[in-house]
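Peer 1: What follows is the file model08.pdb, containing PDB, C-alpha atoms:
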ATOM      1  CA  VAL V   1     -32.746  57.439 -54.189
ATOM      2  CA  SER V   2     -31.625  57.543 -50.587
ATOM      3  CA  SER V   3     -31.867  54.222 -48.770
ATOM      4  CA  GLN V   4     -32.826  56.074 -45.582
ATOM      5  CA  ALA V   5     -35.585  58.085 -47.279
ATOM      6  CA  GLN V   6     -38.119  55.242 -47.443
ATOM      7  CA  GLY V   7     -37.978  54.995 -51.228
ATOM      8  CA  ILE V   8     -38.300  58.743 -51.892
ATOM      9  CA  GLY V   9     -36.250  59.929 -54.856
ATOM     10  CA  PHE V  10     -35.612  63.284 -56.497
ATOM     11  CA  ALA V  11     -35.105  64.000 -60.174
ATOM     12  CA  ILE V  12     -34.445  67.086 -62.257
ATOM     13  CA  PRO V  13     -35.796  67.046 -65.820
ATOM     14  CA  THR V  14     -33.076  67.269 -68.471
ATOM     15  CA  SER V  15     -34.901  70.231 -70.060
ATOM     16  CA  THR V  16     -34.412  72.206 -66.822
ATOM     17  CA  ILE V  17     -30.729  71.302 -66.746
ATOM     18  CA  LYS V  18     -30.242  72.284 -70.415
ATOM     19  CA  GLU V  19     -31.996  75.645 -69.833
ATOM     20  CA  ASN V  20     -29.715  76.490 -66.916
ATOM     21  CA  LEU V  21     -26.428  74.843 -67.940
ATOM     22  CA  GLU V  22     -24.875  77.917 -69.588
ATOM     23  CA  THR V  23     -25.962  80.137 -66.694
ATOM     24  CA  LEU V  24     -24.360  77.745 -64.233
ATOM     25  CA  LYS V  25     -21.156  77.487 -66.321
ATOM     26  CA  SER V  26     -20.773  81.279 -66.358
ATOM     27  CA  ASN V  27     -21.505  81.428 -62.613
ATOM     28  CA  LYS V  28     -24.532  83.706 -63.056
ATOM     29  CA  GLU V  29     -27.636  83.694 -60.874
ATOM     30  CA  ILE V  30     -30.516  81.686 -62.291
ATOM     31  CA  PRO V  31     -33.509  84.021 -62.589
ATOM     32  CA  LYS V  32     -36.456  83.091 -60.391
ATOM     33  CA  ALA V  33     -39.907  82.748 -61.898
ATOM     34  CA  PRO V  34     -42.079  85.763 -61.048
ATOM     35  CA  VAL V  35     -44.378  85.298 -58.038
ATOM     36  CA  PRO V  36     -47.511  87.475 -58.342
ATOM     37  CA  PHE V  37     -48.479  89.237 -55.094
ATOM     38  CA  ILE V  38     -50.035  92.449 -53.789
ATOM     39  CA  GLY V  39     -48.078  92.868 -50.553
ATOM     40  CA  ALA V  40     -50.788  92.441 -47.943
ATOM     41  CA  GLU V  41     -51.220  89.864 -45.209
ATOM     42  CA  LEU V  42     -54.744  88.493 -45.138
ATOM     43  CA  ALA V  43     -56.636  86.744 -42.362
ATOM     44  CA  GLU V  44     -59.905  84.863 -42.044
ATOM     45  CA  ILE V  45     -62.863  86.832 -40.721
ATOM     46  CA  THR V  46     -63.952  85.454 -37.359
ATOM     47  CA  ASP V  47     -67.341  85.958 -35.723
ATOM     48  CA  SER V  48     -65.745  88.526 -33.417
ATOM     49  CA  ILE V  49     -64.166  90.496 -36.282
ATOM     50  CA  ALA V  50     -67.409  90.431 -38.287
ATOM     51  CA  LYS V  51     -69.297  91.776 -35.274
ATOM     52  CA  GLN V  52     -66.711  94.518 -34.565
ATOM     53  CA  LEU V  53     -66.709  95.681 -38.189
ATOM     54  CA  GLY V  54     -70.494  95.404 -38.551
ATOM     55  CA  LEU V  55     -70.270  92.853 -41.367
ATOM     56  CA  SER V  56     -73.321  90.817 -42.326
ATOM     57  CA  SER V  57     -71.224  87.727 -43.174
ATOM     58  CA  LYS V  58     -67.767  86.223 -42.681
ATOM     59  CA  ASP V  59     -67.143  86.041 -46.426
ATOM     60  CA  GLY V  60     -63.915  87.641 -47.592
ATOM     61  CA  SER V  61     -60.520  88.330 -46.064
ATOM     62  CA  ILE V  62     -59.459  90.990 -43.582
ATOM     63  CA  VAL V  63     -56.220  92.862 -44.201
ATOM     64  CA  SER V  64     -53.983  92.400 -41.159
ATOM     65  CA  ASN V  65     -50.916  94.136 -42.600
ATOM     66  CA  VAL V  66     -49.853  96.080 -45.685
ATOM     67  CA  TYR V  67     -46.157  96.147 -46.571
ATOM     68  CA  TYR V  68     -44.669  99.600 -47.057
ATOM     69  CA  LYS V  69     -44.239 100.540 -50.729
ATOM     70  CA  SER V  70     -45.922  97.285 -51.876
ATOM     71  CA  PRO V  71     -48.552  97.232 -54.656
ATOM     72  CA  ALA V  72     -51.281  97.115 -51.963
ATOM     73  CA  TYR V  73     -49.741 100.150 -50.233
ATOM     74  CA  GLU V  74     -49.593 102.055 -53.526
ATOM     75  CA  ALA V  75     -53.273 101.166 -54.152
ATOM     76  CA  ASP V  76     -54.203 102.608 -50.697
ATOM     77  CA  LEU V  77     -55.279  99.270 -49.226
ATOM     78  CA  ARG V  78     -55.371  99.622 -45.440
ATOM     79  CA  GLN V  79     -55.288  97.450 -42.352
ATOM     80  CA  TYR V  80     -58.830  96.334 -41.395
ATOM     81  CA  ASP V  81     -60.117  96.661 -44.964
ATOM     82  CA  VAL V  82     -62.129  93.580 -45.920
ATOM     83  CA  ILE V  83     -61.431  92.239 -49.404
ATOM     84  CA  THR V  84     -64.626  90.604 -50.659
ATOM     85  CA  GLY V  85     -63.606  90.029 -54.262
ATOM     86  CA  LEU V  86     -61.233  90.541 -57.149
ATOM     87  CA  ASP V  87     -62.346  92.020 -60.476
ATOM     88  CA  GLY V  88     -66.007  91.733 -59.446
ATOM     89  CA  THR V  89     -65.852  88.042 -58.499
ATOM     90  CA  LYS V  90     -66.481  87.309 -54.826
ATOM     91  CA  TYR V  91     -64.126  85.026 -52.868
ATOM     92  CA  LYS V  92     -65.294  83.648 -49.521
ATOM     93  CA  THR V  93     -61.899  82.578 -48.161
ATOM     94  CA  ARG V  94     -58.419  84.055 -48.095
ATOM     95  CA  GLU V  95     -57.068  80.915 -49.805
ATOM     96  CA  ASP V  96     -59.421  81.395 -52.773
ATOM     97  CA  LEU V  97     -58.464  85.068 -53.050
ATOM     98  CA  ILE V  98     -54.728  84.357 -52.827
ATOM     99  CA  ALA V  99     -55.070  81.636 -55.502
ATOM    100  CA  GLN V 100     -56.742  84.148 -57.844
ATOM    101  CA  ILE V 101     -54.060  86.772 -57.235
ATOM    102  CA  GLN V 102     -51.376  84.176 -58.002
ATOM    103  CA  LYS V 103     -53.097  83.343 -61.320
ATOM    104  CA  LYS V 104     -52.507  86.920 -62.459
ATOM    105  CA  LYS V 105     -49.336  87.990 -64.231
ATOM    106  CA  VAL V 106     -46.862  90.463 -62.761
ATOM    107  CA  GLY V 107     -47.783  93.901 -64.134
ATOM    108  CA  ASP V 108     -51.485  93.094 -64.584
ATOM    109  CA  GLU V 109     -53.947  95.568 -63.153
ATOM    110  CA  ALA V 110     -56.686  94.152 -60.928
ATOM    111  CA  THR V 111     -59.585  95.615 -58.995
ATOM    112  CA  LEU V 112     -59.876  94.766 -55.317
ATOM    113  CA  ASN V 113     -63.497  94.860 -54.138
ATOM    114  CA  ILE V 114     -63.350  95.963 -50.506
ATOM    115  CA  ILE V 115     -65.394  97.114 -47.550
ATOM    116  CA  ARG V 116     -63.913  99.983 -45.519
ATOM    117  CA  ASN V 117     -65.798 101.500 -42.597
ATOM    118  CA  GLY V 118     -69.036  99.874 -43.773
ATOM    119  CA  LYS V 119     -68.750 101.232 -47.337
ATOM    120  CA  THR V 120     -67.994  99.194 -50.446
ATOM    121  CA  MET V 121     -65.167 100.479 -52.626
ATOM    122  CA  ASP V 122     -62.988  99.353 -55.502
ATOM    123  CA  LEU V 123     -59.211  99.821 -55.508
ATOM    124  CA  LYS V 124     -57.002  99.384 -58.574
ATOM    125  CA  VAL V 125     -53.823  97.460 -57.823
ATOM    126  CA  THR V 126     -50.925  96.512 -60.091
ATOM    127  CA  ILE V 127     -49.744  92.966 -59.419
ATOM    128  CA  GLY V 128     -46.122  92.931 -58.241
ATOM    129  CA  ASP V 129     -43.361  90.318 -58.174
ATOM    130  CA  LYS V 130     -42.679  88.994 -54.674
ATOM    131  CA  ASN V 131     -39.112  88.036 -55.725
ATOM    132  CA  GLU V 132     -38.264  91.662 -56.543
ATOM    133  CA  PHE V 133     -39.912  93.216 -53.499
ATOM    134  CA  GLN V 134     -37.651  94.235 -50.627
ATOM    135  CA  PHE V 135     -39.299  93.241 -47.359
ATOM    136  CA  THR V 136     -38.276  95.334 -44.391
ATOM    137  CA  GLY V 137     -37.976  93.939 -40.913
ATOM    138  CA  GLU V 138     -38.383  90.283 -40.068
ATOM    139  CA  GLN V 139     -39.897  88.013 -42.665
TER     140      GLN V 139
END
Using structure tokens, write down the structure that the file contains.

Peer 2:
Amino acid sequence: VSSQAQGIGFAIPTSTIKENLETLKSNKEIPKAPVPFIGAELAEITDSIAKQLGLSSKDGSIVSNVYYKSPAYEADLRQYDVITGLDGTKYKTREDLIAQIQKKKVGDEATLNIIRNGKTMDLKVTIGDKNEFQFTGEQ
């Protein structure tokens, strides 16, 4: 506990240390836990966006960017698509949708329920691992 940290302390469980001790001794990289993701940046739908896209509500998330060669890219998700749900369940906010994606396992297949150009569609996407994805450009 640091005396200058207002009583805040940090601890590492012994089980974590035991799991990684041999890896550390042999100077190998400790594998990171997989982070499920689809490779798209999502934004909230504003009144202005809803009006421009002819949406009847602000429920869902608008795709503001799709990373090249990401799972979303491979599934043909596009900028300005509106994701309304995942596997048939509707999610009103981007936070709810992201939380559901992160509950999936890397390699799982999921169905994105989207609206593109006023038409509802379903896209199959395979959940990827954010740790293994090579982002290009600034991140």

Peer 1: For the structure provided, state which residues fall under the PyMOL selection byres ((chain V and resi 75-78) around 10), and present them as a VMD selection string.

Peer 2: chain V and resid 38 to 40 62 to 67 69 to 74 79 to 83 111 to 112 114 116 122 to 126

Peer 1: In Å, with one decimal, what is the gap from atom CA of V:Glu132 to atom CA of V:Gln100?

Peer 2: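 Atom-to-atom, atom CA of V:Glu132 and atom CA of V:Gln100 are spaced 20.0 Å apart.
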
Peer 1: Would you mind reading off the distance between atom CA of V:Ile127 and atom CA of V:Glu41, one decimal, in Å?

Peer 2: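 Separation between atom CA of V:Ile127 and atom CA of V:Glu41: 14.6 Å.
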
Peer 1: To one decimal place in Å, what is the distance between atom CA of V:Asn113 and atom CA of V:Asp87?

Peer 2: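 Straight-line distance from atom CA of V:Asn113 to atom CA of V:Asp87 works out to 7.0 Å.
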
Peer 1: If you count all atoms listed in the file, which residues fall within 10 Å of stretch 58-60 of chain V, apart from same-chain ones fewer than 2 positions away, as a PDB file with C-alpha atoms, keeping the file's coordinate frame?

Peer 2:
ATOM      1  CA  LEU V  42     -54.744  88.493 -45.138  1.00  0.00           C
ATOM      2  CA  ALA V  43     -56.636  86.744 -42.362  1.00  0.00           C
ATOM      3  CA  GLU V  44     -59.905  84.863 -42.044  1.00  0.00           C
ATOM      4  CA  ILE V  45     -62.863  86.832 -40.721  1.00  0.00           C
ATOM      5  CA  THR V  46     -63.952  85.454 -37.359  1.00  0.00           C
ATOM      6  CA  ASP V  47     -67.341  85.958 -35.723  1.00  0.00           C
ATOM      7  CA  SER V  48     -65.745  88.526 -33.417  1.00  0.00           C
ATOM      8  CA  ILE V  49     -64.166  90.496 -36.282  1.00  0.00           C
ATOM      9  CA  ALA V  50     -67.409  90.431 -38.287  1.00  0.00           C
ATOM     10  CA  LYS V  51     -69.297  91.776 -35.274  1.00  0.00           C
ATOM     11  CA  LEU V  55     -70.270  92.853 -41.367  1.00  0.00           C
ATOM     12  CA  SER V  56     -73.321  90.817 -42.326  1.00  0.00           C
ATOM     13  CA  ILE V  62     -59.459  90.990 -43.582  1.00  0.00           C
ATOM     14  CA  VAL V  63     -56.220  92.862 -44.201  1.00  0.00           C
ATOM     15  CA  VAL V  82     -62.129  93.580 -45.920  1.00  0.00           C
ATOM     16  CA  ILE V  83     -61.431  92.239 -49.404  1.00  0.00           C
ATOM     17  CA  THR V  84     -64.626  90.604 -50.659  1.00  0.00           C
ATOM     18  CA  GLY V  85     -63.606  90.029 -54.262  1.00  0.00           C
ATOM     19  CA  LYS V  90     -66.481  87.309 -54.826  1.00  0.00           C
ATOM     20  CA  TYR V  91     -64.126  85.026 -52.868  1.00  0.00           C
ATOM     21  CA  LYS V  92     -65.294  83.648 -49.521  1.00  0.00           C
ATOM     22  CA  THR V  93     -61.899  82.578 -48.161  1.00  0.00           C
ATOM     23  CA  ARG V  94     -58.419  84.055 -48.095  1.00  0.00           C
ATOM     24  CA  GLU V  95     -57.068  80.915 -49.805  1.00  0.00           C
ATOM     25  CA  ASP V  96     -59.421  81.395 -52.773  1.00  0.00           C
ATOM     26  CA  LEU V  97     -58.464  85.068 -53.050  1.00  0.00           C
ATOM     27  CA  ASN V 113     -63.497  94.860 -54.138  1.00  0.00           C
ATOM     28  CA  ILE V 114     -63.350  95.963 -50.506  1.00  0.00           C
ATOM     29  CA  ILE V 115     -65.394  97.114 -47.550  1.00  0.00           C
TER      30      ILE V 115
END

Peer 1: For stretch 25-36 of chain V, which lacks atoms in the input, supply all heavy atoms and format the output as a PDB file, in the coordinates of the input.

Peer 2:
ATOM      1  N   LYS V  25     -22.555  77.484 -65.877  1.00  0.00           N
ATOM      2  CA  LYS V  25     -21.156  77.487 -66.321  1.00  0.00           C
ATOM      3  C   LYS V  25     -20.534  78.871 -66.168  1.00  0.00           C
ATOM      4  O   LYS V  25     -19.355  78.992 -65.817  1.00  0.00           O
ATOM      5  CB  LYS V  25     -21.052  77.054 -67.785  1.00  0.00           C
ATOM      6  CG  LYS V  25     -21.146  75.572 -68.001  1.00  0.00           C
ATOM      7  CD  LYS V  25     -20.984  75.270 -69.482  1.00  0.00           C
ATOM      8  CE  LYS V  25     -21.149  73.808 -69.784  1.00  0.00           C
ATOM      9  NZ  LYS V  25     -21.080  73.542 -71.230  1.00  0.00           N
ATOM     10  N   SER V  26     -21.317  79.921 -66.444  1.00  0.00           N
ATOM     11  CA  SER V  26     -20.773  81.279 -66.358  1.00  0.00           C
ATOM     12  C   SER V  26     -20.936  81.873 -64.960  1.00  0.00           C
ATOM     13  O   SER V  26     -20.672  83.052 -64.756  1.00  0.00           O
ATOM     14  CB  SER V  26     -21.431  82.180 -67.406  1.00  0.00           C
ATOM     15  OG  SER V  26     -22.830  82.203 -67.212  1.00  0.00           O
ATOM     16  N   ASN V  27     -21.378  81.040 -64.022  1.00  0.00           N
ATOM     17  CA  ASN V  27     -21.505  81.428 -62.613  1.00  0.00           C
ATOM     18  C   ASN V  27     -22.443  82.618 -62.409  1.00  0.00           C
ATOM     19  O   ASN V  27     -22.199  83.485 -61.589  1.00  0.00           O
ATOM     20  CB  ASN V  27     -20.130  81.716 -62.001  1.00  0.00           C
ATOM     21  CG  ASN V  27     -20.155  81.532 -60.496  1.00  0.00           C
ATOM     22  OD1 ASN V  27     -20.976  80.790 -59.965  1.00  0.00           O
ATOM     23  ND2 ASN V  27     -19.265  82.216 -59.808  1.00  0.00           N
ATOM     24  N   LYS V  28     -23.528  82.661 -63.194  1.00  0.00           N
ATOM     25  CA  LYS V  28     -24.532  83.706 -63.056  1.00  0.00           C
ATOM     26  C   LYS V  28     -25.700  83.170 -62.237  1.00  0.00           C
ATOM     27  O   LYS V  28     -25.918  81.958 -62.158  1.00  0.00           O
ATOM     28  CB  LYS V  28     -25.052  84.148 -64.423  1.00  0.00           C
ATOM     29  CG  LYS V  28     -24.031  84.863 -65.266  1.00  0.00           C
ATOM     30  CD  LYS V  28     -24.638  85.277 -66.570  1.00  0.00           C
ATOM     31  CE  LYS V  28     -23.596  85.853 -67.521  1.00  0.00           C
ATOM     32  NZ  LYS V  28     -24.105  85.944 -68.888  1.00  0.00           N
ATOM     33  N   GLU V  29     -26.461  84.091 -61.655  1.00  0.00           N
ATOM     34  CA  GLU V  29     -27.636  83.694 -60.874  1.00  0.00           C
ATOM     35  C   GLU V  29     -28.755  83.266 -61.818  1.00  0.00           C
ATOM     36  O   GLU V  29     -29.026  83.922 -62.826  1.00  0.00           O
ATOM     37  CB  GLU V  29     -28.112  84.869 -60.017  1.00  0.00           C
ATOM     38  CG  GLU V  29     -29.195  84.474 -59.035  1.00  0.00           C
ATOM     39  CD  GLU V  29     -29.594  85.622 -58.122  1.00  0.00           C
ATOM     40  OE1 GLU V  29     -28.769  86.519 -57.893  1.00  0.00           O
ATOM     41  OE2 GLU V  29     -30.732  85.600 -57.659  1.00  0.00           O
ATOM     42  N   ILE V  30     -29.387  82.165 -61.492  1.00  0.00           N
ATOM     43  CA  ILE V  30     -30.516  81.686 -62.291  1.00  0.00           C
ATOM     44  C   ILE V  30     -31.729  82.522 -61.922  1.00  0.00           C
ATOM     45  O   ILE V  30     -32.093  82.623 -60.750  1.00  0.00           O
ATOM     46  CB  ILE V  30     -30.779  80.186 -62.044  1.00  0.00           C
ATOM     47  CG1 ILE V  30     -29.577  79.375 -62.524  1.00  0.00           C
ATOM     48  CG2 ILE V  30     -32.058  79.730 -62.727  1.00  0.00           C
ATOM     49  CD1 ILE V  30     -29.619  77.915 -62.169  1.00  0.00           C
ATOM     50  N   PRO V  31     -32.360  83.168 -62.909  1.00  0.00           N
ATOM     51  CA  PRO V  31     -33.509  84.021 -62.589  1.00  0.00           C
ATOM     52  C   PRO V  31     -34.670  83.199 -62.023  1.00  0.00           C
ATOM     53  O   PRO V  31     -34.943  82.094 -62.474  1.00  0.00           O
ATOM     54  CB  PRO V  31     -33.891  84.654 -63.930  1.00  0.00           C
ATOM     55  CG  PRO V  31     -33.155  83.897 -64.974  1.00  0.00           C
ATOM     56  CD  PRO V  31     -32.062  83.120 -64.325  1.00  0.00           C
ATOM     57  N   LYS V  32     -35.317  83.766 -61.004  1.00  0.00           N
ATOM     58  CA  LYS V  32     -36.456  83.091 -60.391  1.00  0.00           C
ATOM     59  C   LYS V  32     -37.705  83.432 -61.184  1.00  0.00           C
ATOM     60  O   LYS V  32     -37.838  84.541 -61.699  1.00  0.00           O
ATOM     61  CB  LYS V  32     -36.635  83.560 -58.946  1.00  0.00           C
ATOM     62  CG  LYS V  32     -35.488  83.202 -58.038  1.00  0.00           C
ATOM     63  CD  LYS V  32     -35.707  83.773 -56.656  1.00  0.00           C
ATOM     64  CE  LYS V  32     -34.520  83.463 -55.756  1.00  0.00           C
ATOM     65  NZ  LYS V  32     -34.617  84.150 -54.476  1.00  0.00           N
ATOM     66  N   ALA V  33     -38.630  82.486 -61.244  1.00  0.00           N
ATOM     67  CA  ALA V  33     -39.907  82.748 -61.898  1.00  0.00           C
ATOM     68  C   ALA V  33     -40.666  83.803 -61.093  1.00  0.00           C
ATOM     69  O   ALA V  33     -40.625  83.794 -59.862  1.00  0.00           O
ATOM     70  CB  ALA V  33     -40.726  81.463 -61.981  1.00  0.00           C
ATOM     71  N   PRO V  34     -41.341  84.728 -61.776  1.00  0.00           N
ATOM     72  CA  PRO V  34     -42.079  85.763 -61.048  1.00  0.00           C
ATOM     73  C   PRO V  34     -43.172  85.161 -60.164  1.00  0.00           C
ATOM     74  O   PRO V  34     -43.821  84.192 -60.553  1.00  0.00           O
ATOM     75  CB  PRO V  34     -42.702  86.620 -62.150  1.00  0.00           C
ATOM     76  CG  PRO V  34     -42.182  86.124 -63.442  1.00  0.00           C
ATOM     77  CD  PRO V  34     -41.455  84.849 -63.207  1.00  0.00           C
ATOM     78  N   VAL V  35     -43.345  85.742 -58.976  1.00  0.00           N
ATOM     79  CA  VAL V  35     -44.378  85.298 -58.038  1.00  0.00           C
ATOM     80  C   VAL V  35     -45.354  86.461 -57.850  1.00  0.00           C
ATOM     81  O   VAL V  35     -45.027  87.432 -57.174  1.00  0.00           O
ATOM     82  CB  VAL V  35     -43.772  84.883 -56.680  1.00  0.00           C
ATOM     83  CG1 VAL V  35     -44.867  84.473 -55.706  1.00  0.00           C
ATOM     84  CG2 VAL V  35     -42.758  83.762 -56.858  1.00  0.00           C
ATOM     85  N   PRO V  36     -46.549  86.375 -58.468  1.00  0.00           N
ATOM     86  CA  PRO V  36     -47.511  87.475 -58.342  1.00  0.00           C
ATOM     87  C   PRO V  36     -47.962  87.663 -56.895  1.00  0.00           C
ATOM     88  O   PRO V  36     -48.256  86.697 -56.203  1.00  0.00           O
ATOM     89  CB  PRO V  36     -48.688  87.027 -59.217  1.00  0.00           C
ATOM     90  CG  PRO V  36     -48.139  85.957 -60.104  1.00  0.00           C
ATOM     91  CD  PRO V  36     -47.041  85.310 -59.329  1.00  0.00           C
TER      92      PRO V  36
END
